[in-house]
file protein_7.cif (mmCIF, C-alpha atoms (C1' of nucleotides))
data_final
loop_
_atom_site.label_atom_id
_atom_site.label_comp_id
_atom_site.auth_asym_id
_atom_site.auth_seq_id
_atom_site.Cartn_x
_atom_site.Cartn_y
_atom_site.Cartn_z
CA MET A 26 98.51 123.32 117.60
CA LYS A 27 99.22 120.54 120.00
CA LEU A 28 102.28 118.38 119.53
CA GLU A 29 101.30 114.71 119.53
CA THR A 30 104.80 113.37 119.90
CA ARG A 31 103.88 110.28 121.90
CA LYS A 32 101.17 109.28 119.47
CA GLU A 33 103.57 109.80 116.60
CA GLU A 34 106.13 107.64 118.36
CA ILE A 35 103.61 104.83 118.63
CA ILE A 36 102.72 105.11 114.97
CA LYS A 37 106.36 105.16 113.99
CA THR A 38 107.13 102.09 116.08
CA ALA A 39 104.10 100.27 114.74
CA THR A 40 105.03 101.16 111.18
CA ILE A 41 108.38 99.43 111.54
CA LEU A 42 106.84 96.33 113.09
CA PHE A 43 104.06 96.23 110.50
CA LYS A 44 106.66 96.19 107.78
CA GLU A 45 108.54 93.28 109.36
CA LYS A 46 105.60 90.97 110.03
CA GLY A 47 102.48 92.54 108.59
CA TYR A 48 99.62 94.20 110.45
CA SER A 49 97.83 91.05 111.59
CA ALA A 50 100.90 89.41 113.05
CA VAL A 51 101.83 92.42 115.19
CA THR A 52 100.12 92.63 118.58
CA MET A 53 99.55 95.66 120.74
CA ARG A 54 101.90 94.01 123.23
CA ASP A 55 104.59 93.85 120.53
CA ILE A 56 104.27 97.56 119.90
CA ALA A 57 104.28 98.35 123.61
CA LYS A 58 107.30 96.16 124.27
CA ALA A 59 109.25 97.88 121.49
CA MET A 60 108.58 101.17 123.29
CA GLY A 61 109.35 99.85 126.76
CA ILE A 62 105.81 100.28 128.10
CA LYS A 63 102.71 98.14 128.67
CA ALA A 64 100.06 97.55 126.03
CA ALA A 65 97.33 99.27 128.03
CA SER A 66 99.36 102.47 128.12
CA LEU A 67 99.11 102.77 124.35
CA TYR A 68 95.44 103.58 124.77
CA ASN A 69 96.25 106.88 126.46
CA HIS A 70 97.35 108.03 123.01
CA ILE A 71 95.52 106.05 120.36
CA ASN A 72 91.98 104.75 120.03
CA SER A 73 92.60 101.32 118.56
CA LYS A 74 94.98 99.16 116.57
CA GLN A 75 92.87 99.91 113.54
CA ASP A 76 93.46 103.61 114.06
CA ILE A 77 97.20 103.14 113.78
CA LEU A 78 96.87 101.35 110.47
CA THR A 79 94.41 103.88 109.12
CA ASN A 80 96.71 106.70 110.10
CA ILE A 81 99.66 105.12 108.29
CA ILE A 82 97.84 104.22 105.11
CA ILE A 83 95.51 107.14 104.56
CA SER A 84 98.16 109.80 105.09
CA LEU A 85 100.40 108.10 102.53
CA ALA A 86 97.57 107.62 100.05
CA GLU A 87 96.70 111.31 100.34
CA GLU A 88 100.32 112.27 99.76
CA PHE A 89 100.24 110.37 96.48
CA THR A 90 96.93 111.93 95.54
CA ASN A 91 98.26 115.42 96.16
CA GLY A 92 101.46 114.67 94.30
CA MET A 93 99.50 113.46 91.31
CA LYS A 94 97.45 116.64 91.38
CA THR A 95 100.64 118.68 91.04
CA VAL A 96 101.85 116.48 88.19
CA LEU A 97 98.61 116.94 86.30
CA LEU A 98 98.80 120.73 86.66
CA SER A 99 102.37 120.89 85.36
CA ASN A 100 102.67 122.11 81.81
CA VAL A 101 105.12 119.55 80.44
CA SER A 102 105.14 116.61 78.02
CA ASN A 103 103.62 113.32 79.06
CA ILE A 104 107.05 111.67 79.21
CA GLU A 105 108.11 114.42 81.58
CA LYS A 106 104.99 113.84 83.64
CA LEU A 107 106.02 110.21 84.00
CA GLU A 108 109.41 111.38 85.25
CA LEU A 109 107.65 113.55 87.80
CA ILE A 110 105.66 110.54 88.95
CA VAL A 111 108.85 108.53 89.38
CA ALA A 112 110.24 111.37 91.47
CA LEU A 113 107.05 111.43 93.52
CA HIS A 114 107.33 107.75 94.36
CA VAL A 115 111.04 107.94 95.12
CA ASN A 116 110.60 110.91 97.42
CA ILE A 117 107.62 109.61 99.36
CA THR A 118 109.17 106.17 99.70
CA ALA A 119 112.52 107.57 100.80
CA THR A 120 110.90 109.48 103.65
CA ASN A 121 108.48 106.74 104.70
CA THR A 122 109.99 103.45 103.64
CA HIS A 123 108.30 101.38 106.31
CA GLY A 124 104.85 102.83 105.85
CA MET A 125 104.90 101.88 102.18
CA ALA A 126 104.83 98.23 103.22
CA SER A 127 101.48 98.72 104.97
CA LEU A 128 100.13 100.73 102.06
CA ASN A 129 100.98 97.89 99.71
CA ASN A 130 100.19 94.85 101.82
CA ASP A 131 97.79 95.73 104.63
CA TRP A 132 95.24 98.02 103.02
CA MET A 133 92.67 95.20 103.05
CA HIS A 134 92.59 95.38 106.85
CA LEU A 135 91.22 98.89 106.79
CA GLU A 136 87.58 98.95 107.80
CA GLU A 137 85.60 102.20 107.73
CA GLN A 138 88.22 103.84 105.55
CA LEU A 139 88.64 100.97 103.09
CA GLU A 140 86.24 102.46 100.57
CA TYR A 141 87.92 105.85 100.72
CA TYR A 142 91.32 104.24 100.21
CA LEU A 143 90.12 102.29 97.18
CA GLU A 144 88.71 105.48 95.76
CA LEU A 145 92.04 107.28 96.10
CA ARG A 146 93.94 104.37 94.61
CA GLY A 147 91.48 103.99 91.76
CA SER A 148 91.68 107.60 90.69
CA TYR A 149 95.46 107.61 91.05
CA GLU A 150 95.65 104.71 88.62
CA ASN A 151 93.21 106.41 86.26
CA ASN A 152 95.30 109.54 86.19
CA PHE A 153 98.40 107.49 85.53
CA ARG A 154 96.63 105.64 82.72
CA ASN A 155 95.44 108.88 81.15
CA ILE A 156 98.96 110.27 81.03
CA LEU A 157 100.14 107.15 79.24
CA GLN A 158 97.22 107.31 76.84
CA GLU A 159 97.84 110.94 75.98
CA GLY A 160 101.47 110.07 75.46
CA VAL A 161 100.49 107.40 72.97
CA GLN A 162 98.17 109.79 71.15
CA ASN A 163 100.90 112.45 70.96
CA ASN A 164 103.37 109.95 69.56
CA GLU A 165 105.60 110.21 72.64
CA ILE A 166 104.96 106.66 73.76
CA ILE A 167 104.82 103.37 71.82
CA ASN A 168 101.40 102.05 70.95
CA SER A 169 101.72 98.87 73.03
CA ASN A 170 99.20 97.42 75.48
CA LEU A 171 98.31 100.28 77.81
CA GLU A 172 97.51 98.09 80.80
CA ILE A 173 100.82 96.28 80.58
CA MET A 174 102.76 99.53 80.45
CA LEU A 175 100.77 100.89 83.39
CA PHE A 176 101.18 97.71 85.37
CA SER A 177 104.87 97.46 84.68
CA MET A 178 105.72 100.98 85.80
CA LEU A 179 103.39 100.96 88.78
CA SER A 180 104.70 97.62 90.04
CA THR A 181 108.26 98.87 90.04
CA LEU A 182 107.32 102.12 91.75
CA ARG A 183 105.20 100.40 94.37
CA SER A 184 108.01 97.99 95.19
CA LEU A 185 110.54 100.74 95.81
CA TYR A 186 110.13 100.35 99.56
CA LEU A 187 111.62 96.87 99.37
CA TRP A 188 114.76 98.15 97.82
CA ILE A 189 115.42 101.72 98.92
CA PRO A 190 116.47 100.95 102.51
CA LYS A 191 119.29 98.73 101.28
CA LYS A 192 121.10 101.69 99.74
CA GLU A 193 122.18 103.81 102.68
CA ASP A 194 124.03 106.35 100.60
CA LEU A 195 120.84 107.14 98.77
CA ASN A 196 120.90 109.98 96.32
CA THR A 197 117.22 110.37 95.53
CA GLU A 198 117.82 112.61 92.53
CA GLU A 199 120.18 110.16 90.92
CA LEU A 200 117.90 107.23 91.66
CA THR A 201 115.00 109.12 90.10
CA LYS A 202 117.06 109.87 87.02
CA ASN A 203 118.33 106.31 86.56
CA LEU A 204 115.00 104.68 87.29
CA SER A 205 113.13 107.02 84.94
CA HIS A 206 115.58 106.23 82.19
CA ILE A 207 115.20 102.48 82.65
CA LEU A 208 111.43 102.60 82.87
CA ILE A 209 111.08 104.83 79.84
CA ASN A 210 113.92 103.69 77.60
CA GLY A 211 114.40 100.13 78.77
CA ILE A 212 117.69 98.37 79.21
CA ASN A 213 118.40 97.53 75.59
CA LYS A 214 121.48 98.99 74.02
CA MET B 28 101.75 56.77 94.46
CA LYS B 29 98.98 57.84 96.77
CA LEU B 30 96.62 60.61 95.70
CA GLU B 31 96.41 63.24 98.40
CA THR B 32 93.38 64.99 97.00
CA ARG B 33 91.96 66.14 100.34
CA LYS B 34 95.25 67.61 101.47
CA GLU B 35 95.60 69.36 98.14
CA GLU B 36 92.08 70.74 98.50
CA ILE B 37 92.98 72.20 101.88
CA ILE B 38 96.11 73.80 100.49
CA LYS B 39 94.24 75.19 97.53
CA THR B 40 91.54 76.67 99.75
CA ALA B 41 94.11 78.12 102.11
CA THR B 42 96.06 79.61 99.23
CA ILE B 43 93.04 81.59 98.10
CA LEU B 44 92.31 82.85 101.61
CA PHE B 45 95.97 83.69 102.24
CA LYS B 46 95.95 85.86 99.17
CA GLU B 47 92.87 87.75 100.31
CA LYS B 48 93.90 88.50 103.88
CA GLY B 49 97.43 87.31 104.40
CA TYR B 50 98.60 84.23 106.31
CA SER B 51 98.31 85.66 109.82
CA ALA B 52 94.77 86.93 109.39
CA VAL B 53 93.44 83.58 108.17
CA THR B 54 92.42 81.12 110.88
CA MET B 55 92.12 77.37 110.68
CA ARG B 56 88.40 77.89 111.26
CA ASP B 57 88.27 80.14 108.19
CA ILE B 58 89.85 77.45 106.06
CA ALA B 59 87.57 74.78 107.46
CA LYS B 60 84.45 76.89 106.97
CA ALA B 61 85.38 77.53 103.34
CA MET B 62 85.48 73.75 102.88
CA GLY B 63 82.30 73.07 104.83
CA ILE B 64 83.99 71.12 107.62
CA LYS B 65 85.24 71.77 111.17
CA ALA B 66 88.70 73.06 111.95
CA ALA B 67 89.73 69.97 113.85
CA SER B 68 89.05 67.83 110.78
CA LEU B 69 91.80 69.59 108.89
CA TYR B 70 94.31 67.85 111.13
CA ASN B 71 93.45 64.48 109.62
CA HIS B 72 95.27 65.71 106.53
CA ILE B 73 97.81 68.33 107.51
CA ASN B 74 100.20 68.70 110.43
CA SER B 75 99.86 72.39 111.18
CA LYS B 76 98.98 75.77 109.77
CA GLN B 77 102.69 76.35 109.25
CA ASP B 78 102.83 73.24 107.09
CA ILE B 79 100.28 74.68 104.69
CA LEU B 80 102.28 77.85 104.25
CA THR B 81 105.55 75.98 103.85
CA ASN B 82 103.98 73.76 101.22
CA ILE B 83 102.72 76.73 99.21
CA ILE B 84 105.89 78.77 99.35
CA ILE B 85 108.63 76.17 99.03
CA SER B 86 107.08 74.41 96.05
CA LEU B 87 106.81 77.72 94.22
CA ALA B 88 110.32 78.77 95.14
CA GLU B 89 111.65 75.48 93.83
CA GLU B 90 109.73 75.92 90.59
CA PHE B 91 111.52 79.21 90.07
CA THR B 92 114.86 77.67 90.96
CA ASN B 93 114.37 74.88 88.45
CA GLY B 94 113.19 77.29 85.79
CA MET B 95 116.27 79.44 86.29
CA LYS B 96 118.45 76.35 85.94
CA THR B 97 116.95 75.71 82.51
CA VAL B 98 117.46 79.32 81.50
CA LEU B 99 121.12 79.20 82.49
CA LEU B 100 121.69 76.06 80.46
CA SER B 101 120.10 77.52 77.33
CA ASN B 102 122.57 78.58 74.70
CA VAL B 103 121.15 81.98 73.78
CA SER B 104 122.03 85.66 74.18
CA ASN B 105 121.59 87.35 77.53
CA ILE B 106 118.69 89.41 76.22
CA GLU B 107 117.01 86.19 75.15
CA LYS B 108 117.68 84.73 78.59
CA LEU B 109 115.81 87.67 80.08
CA GLU B 110 112.90 86.89 77.79
CA LEU B 111 112.96 83.32 79.03
CA ILE B 112 112.82 84.59 82.59
CA VAL B 113 109.82 86.75 81.78
CA ALA B 114 108.13 83.67 80.31
CA LEU B 115 109.02 81.70 83.43
CA HIS B 116 107.34 84.24 85.69
CA VAL B 117 104.28 84.59 83.49
CA ASN B 118 103.78 80.83 83.28
CA ILE B 119 104.26 80.07 86.96
CA THR B 120 102.09 83.01 87.99
CA ALA B 121 99.35 82.10 85.52
CA THR B 122 99.05 78.60 86.95
CA ASN B 123 99.37 79.61 90.60
CA THR B 124 98.19 83.18 90.90
CA HIS B 125 97.09 82.93 94.51
CA GLY B 126 100.18 81.20 95.79
CA MET B 127 102.35 83.99 94.46
CA ALA B 128 100.80 86.29 97.03
CA SER B 129 102.09 84.12 99.87
CA LEU B 130 105.48 83.80 98.22
CA ASN B 131 105.76 87.57 98.05
CA ASN B 132 104.14 88.62 101.29
CA ASP B 133 104.17 85.79 103.82
CA TRP B 134 107.60 84.21 103.49
CA MET B 135 108.66 85.81 106.77
CA HIS B 136 106.23 83.55 108.61
CA LEU B 137 108.11 80.45 107.56
CA GLU B 138 109.99 78.98 110.47
CA GLU B 139 112.23 75.93 109.98
CA GLN B 140 112.26 76.45 106.24
CA LEU B 141 112.90 80.19 106.30
CA GLU B 142 116.63 79.82 105.85
CA TYR B 143 116.18 77.46 102.92
CA TYR B 144 113.74 79.85 101.28
CA LEU B 145 116.13 82.78 101.66
CA GLU B 146 118.86 80.67 100.14
CA LEU B 147 116.74 79.88 97.09
CA ARG B 148 115.71 83.47 96.68
CA GLY B 149 119.23 84.75 97.12
CA SER B 150 120.70 82.52 94.47
CA TYR B 151 117.83 83.24 92.09
CA GLU B 152 118.60 86.94 92.37
CA ASN B 153 122.30 86.29 91.90
CA ASN B 154 121.68 84.35 88.73
CA PHE B 155 119.44 87.11 87.45
CA ARG B 156 122.10 89.69 88.26
CA ASN B 157 124.78 87.69 86.49
CA ILE B 158 122.76 87.51 83.30
CA LEU B 159 122.36 91.28 83.35
CA GLN B 160 126.06 91.75 84.05
CA GLU B 161 127.11 89.50 81.19
CA GLY B 162 124.69 91.38 78.97
CA VAL B 163 126.40 94.63 79.88
CA GLN B 164 129.83 93.16 79.21
CA ASN B 165 128.70 91.83 75.83
CA ASN B 166 127.27 95.21 74.84
CA GLU B 167 123.75 93.84 74.74
CA ILE B 168 122.55 95.89 77.69
CA ILE B 169 123.12 99.55 78.63
CA ASN B 170 125.77 100.24 81.21
CA SER B 171 123.37 101.69 83.78
CA ASN B 172 123.14 100.88 87.47
CA LEU B 173 122.90 97.09 87.65
CA GLU B 174 120.92 96.99 90.89
CA ILE B 175 118.31 99.38 89.56
CA MET B 176 117.86 97.33 86.41
CA LEU B 177 117.58 94.14 88.44
CA PHE B 178 115.17 95.68 90.91
CA SER B 179 113.00 97.17 88.22
CA MET B 180 112.54 93.96 86.27
CA LEU B 181 112.17 91.76 89.32
CA SER B 182 109.57 94.04 90.90
CA THR B 183 107.39 93.92 87.84
CA LEU B 184 107.71 90.16 87.50
CA ARG B 185 107.01 89.57 91.19
CA SER B 186 103.89 91.72 91.03
CA LEU B 187 102.39 89.81 88.12
CA TYR B 188 100.07 87.94 90.49
CA LEU B 189 98.29 91.20 91.30
CA TRP B 190 97.46 91.80 87.72
CA ILE B 191 97.15 88.53 85.86
CA PRO B 192 93.80 87.44 87.35
CA LYS B 193 92.13 90.59 86.08
CA LYS B 194 92.59 89.52 82.49
CA GLU B 195 90.38 86.50 82.04
CA ASP B 196 91.10 86.07 78.40
CA LEU B 197 94.78 85.64 79.19
CA ASN B 198 97.07 84.75 76.36
CA THR B 199 100.29 83.96 78.21
CA GLU B 200 102.44 83.98 75.08
CA GLU B 201 101.25 87.40 74.06
CA LEU B 202 101.63 88.77 77.57
CA THR B 203 105.17 87.41 77.68
CA LYS B 204 105.98 89.02 74.35
CA ASN B 205 104.52 92.41 75.26
CA LEU B 206 105.96 92.49 78.73
CA SER B 207 109.41 91.45 77.54
CA HIS B 208 109.37 94.21 74.99
CA ILE B 209 108.39 96.84 77.52
CA LEU B 210 110.91 95.70 80.11
CA ILE B 211 113.74 95.51 77.60
CA ASN B 212 112.98 98.36 75.22
CA GLY B 213 110.97 100.67 77.45
CA ILE B 214 107.93 102.64 76.41
CA ASN B 215 109.64 105.50 74.61
CA LYS B 216 108.89 105.97 70.95
"C1'" DT C 4 78.71 39.68 108.53
"C1'" DT C 5 82.67 41.28 110.52
"C1'" DT C 6 86.43 44.24 110.33
"C1'" DG C 7 89.46 48.05 109.03
"C1'" DT C 8 90.13 52.53 107.77
"C1'" DA C 9 89.51 57.33 106.14
"C1'" DA C 10 87.64 61.26 107.54
"C1'" DA C 11 84.37 63.60 109.71
"C1'" DC C 12 82.67 65.01 114.44
"C1'" DT C 13 82.35 67.16 119.64
"C1'" DA C 14 84.63 69.01 123.43
"C1'" DA C 15 88.13 71.04 125.40
"C1'" DC C 16 92.88 73.05 126.40
"C1'" DA C 17 96.11 76.80 127.32
"C1'" DA C 18 97.80 80.68 125.35
"C1'" DC C 19 97.01 84.92 123.24
"C1'" DT C 20 94.08 88.82 121.43
"C1'" DG C 21 92.40 93.89 121.69
"C1'" DT C 22 90.58 96.61 124.97
"C1'" DT C 23 88.62 98.72 129.41
"C1'" DA C 24 88.49 100.26 134.24
"C1'" DG C 25 90.54 102.05 137.79
"C1'" DT C 26 94.87 103.51 140.08
"C1'" DC C 27 99.39 105.47 140.96
"C1'" DT C 28 103.17 108.73 140.12
"C1'" DA C 29 105.81 112.37 138.55
"C1'" DT C 30 105.94 117.05 136.89
"C1'" DG C 31 104.68 121.62 136.52
"C1'" DT C 32 101.22 125.43 137.59
"C1'" DT C 33 98.46 128.14 140.50
"C1'" DA D 29 101.07 123.93 149.58
"C1'" DA D 30 97.43 122.42 146.82
"C1'" DC D 31 96.09 120.89 142.60
"C1'" DA D 32 95.75 119.40 137.68
"C1'" DT D 33 97.31 116.70 134.23
"C1'" DA D 34 99.94 113.42 131.31
"C1'" DG D 35 101.14 109.09 131.08
"C1'" DA D 36 102.49 105.22 133.06
"C1'" DC D 37 100.77 101.05 135.77
"C1'" DT D 38 97.98 96.44 137.38
"C1'" DA D 39 94.23 93.53 136.75
"C1'" DA D 40 90.90 91.73 134.29
"C1'" DC D 41 87.41 90.89 130.51
"C1'" DA D 42 85.41 88.18 126.76
"C1'" DG D 43 86.52 86.37 122.59
"C1'" DT D 44 89.76 83.98 119.44
"C1'" DT D 45 93.75 81.17 118.38
"C1'" DG D 46 96.07 76.59 116.93
"C1'" DT D 47 95.85 72.19 118.32
"C1'" DT D 48 94.77 67.59 120.76
"C1'" DA D 49 92.02 63.64 122.43
"C1'" DG D 50 88.64 60.74 121.93
"C1'" DT D 51 84.43 59.39 119.35
"C1'" DT D 52 81.30 58.54 115.54
"C1'" DT D 53 80.13 57.54 110.79
"C1'" DA D 54 80.34 55.72 106.15
"C1'" DC D 55 82.12 52.57 103.12
"C1'" DA D 56 84.98 49.00 101.14
"C1'" DA D 57 87.57 44.61 101.91
"C1'" DA D 58 87.70 40.17 104.12
#
call {"tool": "encode", "arguments": {"input": "protein_7.cif", "output": "structure tokens"}}
result
Amino acid sequence: MKLETRKEEIIKTATILFKEKGYSAVTMRDIAKAMGIKAASLYNHINSKQDILTNIIISLAEEFTNGMKTVLLSNVSNIEKLELIVALHVNITATNTHGMASLNNDWMHLEEQLEYYLELRGSYENNFRNILQEGVQNNEIINSNLEIMLFSMLSTLRSLYLWIPKKEDLNTEELTKNLSHILINGINK
Amino acid sequence: MKLETRKEEIIKTATILFKEKGYSAVTMRDIAKAMGIKAASLYNHINSKQDILTNIIISLAEEFTNGMKTVLLSNVSNIEKLELIVALHVNITATNTHGMASLNNDWMHLEEQLEYYLELRGSYENNFRNILQEGVQNNEIINSNLEIMLFSMLSTLRSLYLWIPKKEDLNTEELTKNLSHILINGINK
DNA sequence: TTTGTAAACTAACAACTGTTAGTCTATGTT
DNA sequence: AACATAGACTAACAGTTGTTAGTTTACAAA
């Protein structure tokens, strides 16, 4: 197994820049400059700018897909499954804060892999929805508008990347616990 | 008072395109083509591409600032103030769904007005935080991590633009009611 | 009919874009 | 000592970018 350290360095650098300005506003010369080399040199390691974006987004999307698979296989209540999903988002976001920005904001600039991405995202949302629905049927969850509950939780979880880096002394377990409690039980006393 | 219908048309067209691809990926030729004219003609009505973005973002940011002012002046409980804030977001987003995308994702491409925007956003968040804090002190709101509560609510409200257009038969009052309930009381039965 | 003006047009600019081709250099292996 | 390779470099490309200058057109006011 070959170590692709230089390629990974490029992707890591690009990921940070993509978060700051978005994919379209970052040029290959920006990425090169941040690494102290010339733009043309990047092409010894990567095939195209597109490739960098695809690499960032698809690997994250697959992480979520795999995580969801594990959640679905777990033999726990639906409320507990939601807690596992919160943990999944916190953990992935904590280890790839910058990449989450591209996943959220730059997915539309994927080309060949756009369809695949939309497929992954669609089935992730379906699985999430099904957990909520089962929870409603089992009297674990209130019988409110399913789409609003789904949207509300998912929005918060998808925005974690905007907020996590601000807390340097991050305790992911505690964040998961607190966030789960707020999402599930609200803030009302 | 002069009617600037053509300028408004340009801004409206740009707003839709900015939502689809982001500010940086949209060219003046894209905007012109969508209107059936040439790019150079746009400059009879607007000063620059930057100007379009500034117009979209600052007017929305000021709408939120003004709305928050009204909320703060209202003589109601802190929980009820939160409900007013939910209504504020639902109403602004429902009438300017596309612009909310730029507000959320393209603010970093503001130039002269960036500082002003950050100021507005900062004080909006502070006001929001203070309402939560007073709610905790008055025993209206659970004594959980303030930043997590703030982040959770704000993330959901800021993401409304992604979700609102999907419901064509939108009843803003009902959405406000349901969403408030979920954000405040959670989904637990 | 003449004139003024709003708003479109064509043509062009300088800078910037992603990318390719071909070359040089350092390092480590035979 | 000879060679192979990784990874940098320079130079250049064709296309795209925001924007400007100057011109034409349509229409309403005088």
call {"tool": "resolve_selection", "arguments": {"input": "protein_7.cif", "expression": "the PyMOL selection byres ((chain D) within 12 of (chain A))", "output": "MDAnalysis selection string"}}
result
chainID D and resid 34:40
call {"tool": "interface_residues", "arguments": {"input": "protein_7.cif", "of": "chain C", "to": "chain B", "cutoff": "9 Å", "atoms": "all atoms listed in the file", "output": "compact mmCIF listing (two decimals) with C-alpha atoms (C1' of nucleotides), in the coordinates of the input"}}
result
# COMPACT_ATOMS: atom_id res chain seq x y z
C1' DA C 9 89.51 57.33 106.14
C1' DA C 10 87.64 61.26 107.54
C1' DA C 11 84.37 63.60 109.71
C1' DC C 12 82.67 65.01 114.44
call {"tool": "interface_residues", "arguments": {"input": "protein_7.cif", "of": "chain B", "to": "chain A", "cutoff": "8 Å", "atoms": "all atoms listed in the file", "output": "tab-separated table (two decimals) with C-alpha atoms, in the frame of the given file"}}
result
chain	number	residue	atom	x	y	z
B	47	GLU	CA	92.87	87.75	100.31
B	48	LYS	CA	93.90	88.50	103.88
B	51	SER	CA	98.31	85.66	109.82
B	52	ALA	CA	94.77	86.93	109.39
B	132	ASN	CA	104.14	88.62	101.29
B	135	MET	CA	108.66	85.81	106.77
B	136	HIS	CA	106.23	83.55	108.61
B	166	ASN	CA	127.27	95.21	74.84
B	167	GLU	CA	123.75	93.84	74.74
B	168	ILE	CA	122.55	95.89	77.69
B	169	ILE	CA	123.12	99.55	78.63
B	171	SER	CA	123.37	101.69	83.78
B	172	ASN	CA	123.14	100.88	87.47
B	175	ILE	CA	118.31	99.38	89.56
B	176	MET	CA	117.86	97.33	86.41
B	178	PHE	CA	115.17	95.68	90.91
B	179	SER	CA	113.00	97.17	88.22
B	180	MET	CA	112.54	93.96	86.27
B	182	SER	CA	109.57	94.04	90.90
B	183	THR	CA	107.39	93.92	87.84
B	186	SER	CA	103.89	91.72	91.03
B	190	TRP	CA	97.46	91.80	87.72
B	205	ASN	CA	104.52	92.41	75.26
B	206	LEU	CA	105.96	92.49	78.73
B	209	ILE	CA	108.39	96.84	77.52
B	210	LEU	CA	110.91	95.70	80.11
B	211	ILE	CA	113.74	95.51	77.60
B	212	ASN	CA	112.98	98.36	75.22
B	213	GLY	CA	110.97	100.67	77.45
B	214	ILE	CA	107.93	102.64	76.41
B	215	ASN	CA	109.64	105.50	74.61
B	216	LYS	CA	108.89	105.97	70.95
call {"tool": "residues_around", "arguments": {"input": "protein_7.cif", "residues": "C:DT20", "least_positions_apart": "5", "cutoff": "9 Å", "atoms": "all atoms listed in the file", "output": "list in words"}}
result
Thr52 and Met53 of chain A; DG43, DT44 and DT45 of chain D
call {"tool": "residues_around", "arguments": {"input": "protein_7.cif", "residues": "stretch 114-120 of chain A", "least_positions_apart": "4", "cutoff": "7 Å", "atoms": "all atoms listed in the file", "output": "list in words"}}
result
Ile110, Met125, Leu182, Leu185, Tyr186, Ile189, Thr197 and Thr201 of chain A
call {"tool": "build_atoms", "arguments": {"input": "protein_7.cif", "residues": "stretch 44-55 of chain B", "atoms": "N, CA, C and O atoms", "output": "JSON list (two decimals), in the frame of the given file"}}
result
[["chain", "number", "residue", "atom", "x", "y", "z"],
["B", 44, "LEU", "N", 92.56, 81.98, 100.45],
["B", 44, "LEU", "CA", 92.31, 82.85, 101.61],
["B", 44, "LEU", "C", 93.56, 83.64, 101.99],
["B", 44, "LEU", "O", 93.47, 84.81, 102.36],
["B", 45, "PHE", "N", 94.72, 82.98, 101.92],
["B", 45, "PHE", "CA", 95.97, 83.69, 102.24],
["B", 45, "PHE", "C", 96.18, 84.88, 101.31],
["B", 45, "PHE", "O", 96.71, 85.91, 101.72],
["B", 46, "LYS", "N", 95.78, 84.73, 100.08],
["B", 46, "LYS", "CA", 95.95, 85.86, 99.17],
["B", 46, "LYS", "C", 95.05, 87.02, 99.57],
["B", 46, "LYS", "O", 95.44, 88.17, 99.55],
["B", 47, "GLU", "N", 93.83, 86.70, 99.98],
["B", 47, "GLU", "CA", 92.87, 87.75, 100.31],
["B", 47, "GLU", "C", 93.23, 88.55, 101.55],
["B", 47, "GLU", "O", 93.09, 89.76, 101.59],
["B", 48, "LYS", "N", 93.70, 87.84, 102.59],
["B", 48, "LYS", "CA", 93.90, 88.50, 103.88],
["B", 48, "LYS", "C", 95.29, 88.35, 104.46],
["B", 48, "LYS", "O", 95.59, 88.92, 105.52],
["B", 49, "GLY", "N", 96.11, 87.56, 103.83],
["B", 49, "GLY", "CA", 97.43, 87.31, 104.40],
["B", 49, "GLY", "C", 97.40, 86.13, 105.37],
["B", 49, "GLY", "O", 96.36, 85.84, 105.99],
["B", 50, "TYR", "N", 98.50, 85.44, 105.49],
["B", 50, "TYR", "CA", 98.60, 84.23, 106.31],
["B", 50, "TYR", "C", 98.12, 84.43, 107.74],
["B", 50, "TYR", "O", 97.31, 83.66, 108.26],
["B", 51, "SER", "N", 98.60, 85.48, 108.40],
["B", 51, "SER", "CA", 98.31, 85.66, 109.82],
["B", 51, "SER", "C", 96.84, 85.94, 110.11],
["B", 51, "SER", "O", 96.35, 85.59, 111.18],
["B", 52, "ALA", "N", 96.17, 86.55, 109.16],
["B", 52, "ALA", "CA", 94.77, 86.93, 109.39],
["B", 52, "ALA", "C", 93.81, 85.80, 109.08],
["B", 52, "ALA", "O", 92.61, 85.91, 109.35],
["B", 53, "VAL", "N", 94.31, 84.72, 108.50],
["B", 53, "VAL", "CA", 93.44, 83.58, 108.17],
["B", 53, "VAL", "C", 93.55, 82.54, 109.27],
["B", 53, "VAL", "O", 94.64, 82.14, 109.66],
["B", 54, "THR", "N", 92.40, 82.11, 109.81],
["B", 54, "THR", "CA", 92.42, 81.12, 110.88],
["B", 54, "THR", "C", 92.09, 79.73, 110.32],
["B", 54, "THR", "O", 91.51, 79.61, 109.24],
["B", 55, "MET", "N", 92.45, 78.74, 111.09],
["B", 55, "MET", "CA", 92.12, 77.37, 110.68],
["B", 55, "MET", "C", 90.61, 77.21, 110.54],
["B", 55, "MET", "O", 90.13, 76.45, 109.70]]
